[in-house]
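Just below is one structure, and these are the notes that go with it.
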Amino acid sequence: PAQEDRVETIVYTKMIQKLVLNFVDESQSGSILESIQLVGRSGDAIHYRPDPKIAELLKAGYELISSDFPEQGVFGSTYGEVVSYQIRLRQRQVLVEAEGTKVAGQPVDEQALQGPYWPKGVEAQDLVRKVGRTIHFCKEDGSEAFAPSVHQLTFKRDARVNLVTGEVTYLEWNQASQVFPEVRIPSMEQYEADRQIIPEMMVTPEAAYQELTVYYRKVEDPKYLRVYEGQTDYVLKEKQTYSQEIGLITKEFDHLLEPLFESGYALYNPNKK
């Protein structure tokens, strides 16, 4: 018998293709922050855009290095091929100087309404350290003999901040140590201080605030320092003193003698022939 004609239709469909988009952290030896798989048919346009994800990572403290993801890409046509794209970022590192301290919780980029934000550890008390010393001058009854002597030393340092982790790394202080100057204790008529000098003192940024008190004791009975001419009773110079220490009395005698030496006098030695 005769065969009937038959029509067969062959339908070609586009192959399903896959591609992978990796967000890579170059700060961590190329570790993958996130991997996104996209599926489409050969030749079809890739409609996915990575911009929102990039913006999210920038707010988290990353900075963009490079991207090979196409602006107007299409899915490939090779059977079984998986195309891979890389968006490379790194953790943003920022130097904060002591002259430009920040406020924790405030945006790093002042014009941005969202992150990244400054972590704790970059405020004025973290980068600028003031070490102070106050010396009080008081009488025995607690009243003030002289106005306090105040000194303050300032140390500064910078810090490097990882905006992703919030880790703060401090650089060295601008000076490892500084010196409080020597202070000579002022004298007071009819009073004697419990010390004559406060020596200079070296301090570091970690030093605590120092507060010292010099006390003055009232001396009731004064002494008289007199310089006589030869073996006579003629007084060349005379001074009243309330000092009790031999060293101070010696200095006061020296001041009495100095103008006499300048005018031609010399010390008289009755044993000298």
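Naming works like this for the structure tokens: A, B, ... for the chains as they're shown, residue 1 at the start of each chain, ligands 1 onward in shown order.
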Original post:
Near segment 247-256 of chain A, within 12 Å and counting only C-alpha atoms, which residues show up once chain neighbours fewer than 6 positions away are dropped, as a ChimeraX atom specification?
Top reply: /A:187,192-193,195-196,222-228,235-241,262,265,267
What does the file look like for those residues with N, CA, C and O atoms, as a PDB file, in the first residue's frame?
ATOM      1  N   SER A 187      60.643  81.900  98.618  1.00  0.00           N
ATOM      2  CA  SER A 187      60.798  82.146 100.050  1.00  0.00           C
ATOM      3  C   SER A 187      59.698  83.080 100.539  1.00  0.00           C
ATOM      4  O   SER A 187      59.099  83.836  99.776  1.00  0.00           O
ATOM      5  N   GLU A 192      59.284  79.120 106.808  1.00  0.00           N
ATOM      6  CA  GLU A 192      60.290  78.220 106.242  1.00  0.00           C
ATOM      7  C   GLU A 192      59.578  77.098 105.492  1.00  0.00           C
ATOM      8  O   GLU A 192      58.657  76.468 106.035  1.00  0.00           O
ATOM      9  N   ALA A 193      59.973  76.869 104.232  1.00  0.00           N
ATOM     10  CA  ALA A 193      59.364  75.815 103.422  1.00  0.00           C
ATOM     11  C   ALA A 193      59.942  74.460 103.773  1.00  0.00           C
ATOM     12  O   ALA A 193      61.092  74.358 104.225  1.00  0.00           O
ATOM     13  N   ARG A 195      60.754  72.227 101.781  1.00  0.00           N
ATOM     14  CA  ARG A 195      61.739  71.848 100.762  1.00  0.00           C
ATOM     15  C   ARG A 195      62.117  73.110  99.999  1.00  0.00           C
ATOM     16  O   ARG A 195      61.367  74.086  99.972  1.00  0.00           O
ATOM     17  N   GLN A 196      63.243  73.076  99.359  1.00  0.00           N
ATOM     18  CA  GLN A 196      63.740  74.255  98.647  1.00  0.00           C
ATOM     19  C   GLN A 196      63.647  74.124  97.138  1.00  0.00           C
ATOM     20  O   GLN A 196      63.728  75.116  96.423  1.00  0.00           O
ATOM     21  N   PRO A 222      63.485  85.269 114.754  1.00  0.00           N
ATOM     22  CA  PRO A 222      64.404  85.516 113.645  1.00  0.00           C
ATOM     23  C   PRO A 222      65.859  85.495 114.111  1.00  0.00           C
ATOM     24  O   PRO A 222      66.154  85.635 115.297  1.00  0.00           O
ATOM     25  N   LYS A 223      66.758  85.333 113.186  1.00  0.00           N
ATOM     26  CA  LYS A 223      68.184  85.423 113.435  1.00  0.00           C
ATOM     27  C   LYS A 223      68.711  86.648 112.706  1.00  0.00           C
ATOM     28  O   LYS A 223      68.092  87.134 111.752  1.00  0.00           O
ATOM     29  N   TYR A 224      69.848  87.144 113.180  1.00  0.00           N
ATOM     30  CA  TYR A 224      70.444  88.313 112.552  1.00  0.00           C
ATOM     31  C   TYR A 224      71.811  87.929 111.991  1.00  0.00           C
ATOM     32  O   TYR A 224      72.649  87.367 112.712  1.00  0.00           O
ATOM     33  N   LEU A 225      71.978  88.230 110.747  1.00  0.00           N
ATOM     34  CA  LEU A 225      73.257  87.985 110.089  1.00  0.00           C
ATOM     35  C   LEU A 225      73.992  89.320 110.016  1.00  0.00           C
ATOM     36  O   LEU A 225      73.469  90.294 109.452  1.00  0.00           O
ATOM     37  N   ARG A 226      75.201  89.368 110.595  1.00  0.00           N
ATOM     38  CA  ARG A 226      75.954  90.621 110.630  1.00  0.00           C
ATOM     39  C   ARG A 226      77.370  90.389 110.124  1.00  0.00           C
ATOM     40  O   ARG A 226      77.990  89.362 110.400  1.00  0.00           O
ATOM     41  N   VAL A 227      77.879  91.389 109.401  1.00  0.00           N
ATOM     42  CA  VAL A 227      79.253  91.400 108.912  1.00  0.00           C
ATOM     43  C   VAL A 227      79.952  92.595 109.558  1.00  0.00           C
ATOM     44  O   VAL A 227      79.533  93.750 109.348  1.00  0.00           O
ATOM     45  N   TYR A 228      80.982  92.298 110.340  1.00  0.00           N
ATOM     46  CA  TYR A 228      81.707  93.346 111.050  1.00  0.00           C
ATOM     47  C   TYR A 228      82.988  93.713 110.304  1.00  0.00           C
ATOM     48  O   TYR A 228      83.559  92.903 109.562  1.00  0.00           O
ATOM     49  N   VAL A 235      79.298  97.504 112.166  1.00  0.00           N
ATOM     50  CA  VAL A 235      78.555  96.572 111.314  1.00  0.00           C
ATOM     51  C   VAL A 235      78.539  97.102 109.882  1.00  0.00           C
ATOM     52  O   VAL A 235      77.991  98.188 109.629  1.00  0.00           O
ATOM     53  N   LEU A 236      79.148  96.351 109.001  1.00  0.00           N
ATOM     54  CA  LEU A 236      79.137  96.734 107.582  1.00  0.00           C
ATOM     55  C   LEU A 236      77.803  96.374 106.904  1.00  0.00           C
ATOM     56  O   LEU A 236      77.257  97.143 106.117  1.00  0.00           O
ATOM     57  N   LYS A 237      77.304  95.183 107.198  1.00  0.00           N
ATOM     58  CA  LYS A 237      76.045  94.704 106.609  1.00  0.00           C
ATOM     59  C   LYS A 237      75.288  93.906 107.661  1.00  0.00           C
ATOM     60  O   LYS A 237      75.891  93.214 108.494  1.00  0.00           O
ATOM     61  N   GLU A 238      73.944  93.991 107.551  1.00  0.00           N
ATOM     62  CA  GLU A 238      73.103  93.253 108.504  1.00  0.00           C
ATOM     63  C   GLU A 238      71.815  92.817 107.807  1.00  0.00           C
ATOM     64  O   GLU A 238      71.280  93.538 106.983  1.00  0.00           O
ATOM     65  N   LYS A 239      71.352  91.630 108.194  1.00  0.00           N
ATOM     66  CA  LYS A 239      70.119  91.110 107.590  1.00  0.00           C
ATOM     67  C   LYS A 239      69.409  90.204 108.596  1.00  0.00           C
ATOM     68  O   LYS A 239      70.036  89.425 109.310  1.00  0.00           O
ATOM     69  N   GLN A 240      68.093  90.341 108.623  1.00  0.00           N
ATOM     70  CA  GLN A 240      67.278  89.466 109.461  1.00  0.00           C
ATOM     71  C   GLN A 240      66.816  88.269 108.640  1.00  0.00           C
ATOM     72  O   GLN A 240      66.419  88.419 107.490  1.00  0.00           O
ATOM     73  N   THR A 241      66.878  87.080 109.225  1.00  0.00           N
ATOM     74  CA  THR A 241      66.471  85.878 108.494  1.00  0.00           C
ATOM     75  C   THR A 241      65.670  84.950 109.407  1.00  0.00           C
ATOM     76  O   THR A 241      65.865  84.916 110.614  1.00  0.00           O
ATOM     77  N   GLU A 262      83.168  93.378  96.261  1.00  0.00           N
ATOM     78  CA  GLU A 262      83.269  94.227  95.055  1.00  0.00           C
ATOM     79  C   GLU A 262      83.829  95.615  95.390  1.00  0.00           C
ATOM     80  O   GLU A 262      84.445  96.258  94.545  1.00  0.00           O
ATOM     81  N   TYR A 265      86.700  94.947 100.107  1.00  0.00           N
ATOM     82  CA  TYR A 265      86.891  94.219 101.353  1.00  0.00           C
ATOM     83  C   TYR A 265      87.299  92.773 101.090  1.00  0.00           C
ATOM     84  O   TYR A 265      87.009  92.202 100.040  1.00  0.00           O
ATOM     85  N   LEU A 267      87.876  88.917 103.491  1.00  0.00           N
ATOM     86  CA  LEU A 267      87.597  88.283 104.764  1.00  0.00           C
ATOM     87  C   LEU A 267      88.768  88.446 105.725  1.00  0.00           C
ATOM     88  O   LEU A 267      89.935  88.260 105.348  1.00  0.00           O
TER      89      LEU A 267
END
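Near Gln37 of chain A, within a cut-off of 9 Å and counting only C-alpha atoms, sit the residues Lys18, Leu19, Val20, Leu21 and Asn22 of chain A, with same-chain residues fewer than 5 positions away left out.
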Residue subset to file, keeping C-alpha atoms, as an mmCIF file, in the first residue's frame:
data_model
loop_
_atom_site.group_PDB
_atom_site.id
_atom_site.type_symbol
_atom_site.label_atom_id
_atom_site.label_comp_id
_atom_site.auth_asym_id
_atom_site.auth_seq_id
_atom_site.Cartn_x
_atom_site.Cartn_y
_atom_site.Cartn_z
ATOM 1 C CA LYS A 18 24.909 29.548 33.964
ATOM 2 C CA LEU A 19 27.271 32.224 35.144
ATOM 3 C CA VAL A 20 28.817 32.949 38.543
ATOM 4 C CA LEU A 21 29.528 36.394 39.983
ATOM 5 C CA ASN A 22 32.010 36.447 42.878
#
For segment 107-114 of chain A, please output as a PDB file with N, CA and C atoms, in the first residue's frame all residues within 9 Å (counting only C-alpha atoms; exclusion window: fewer than 4 positions along the same chain).
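Done, and the output landed in result_26.pdb:
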ATOM      1  N   LYS A  59      29.133  50.562  52.108  1.00  0.00           N
ATOM      2  CA  LYS A  59      28.610  51.049  53.390  1.00  0.00           C
ATOM      3  C   LYS A  59      29.185  50.249  54.550  1.00  0.00           C
ATOM      4  N   LYS A 102      37.914  62.042  65.661  1.00  0.00           N
ATOM      5  CA  LYS A 102      36.563  61.778  65.180  1.00  0.00           C
ATOM      6  C   LYS A 102      35.611  61.500  66.345  1.00  0.00           C
ATOM      7  N   VAL A 103      34.332  61.361  65.996  1.00  0.00           N
ATOM      8  CA  VAL A 103      33.301  61.036  66.982  1.00  0.00           C
ATOM      9  C   VAL A 103      32.765  59.659  66.653  1.00  0.00           C
ATOM     10  N   TRP A 118      32.510  55.704  62.179  1.00  0.00           N
ATOM     11  CA  TRP A 118      33.744  55.669  62.967  1.00  0.00           C
ATOM     12  C   TRP A 118      33.544  54.786  64.198  1.00  0.00           C
ATOM     13  N   LEU A 163      37.815  50.025  58.528  1.00  0.00           N
ATOM     14  CA  LEU A 163      36.401  50.401  58.574  1.00  0.00           C
ATOM     15  C   LEU A 163      35.467  49.202  58.481  1.00  0.00           C
TER      16      LEU A 163
END
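For the pair atom CA of Val94 of chain A and atom CA of Lys53 of chain A, the interatomic distance is 22.2 Å.
Comparing the minimum interatomic distances between Glu26 of chain A and each of A:Leu38, A:Val214, A:Ala147, A:Ile65, counting only C-alpha atoms, we find that A:Ile65 sits nearest.
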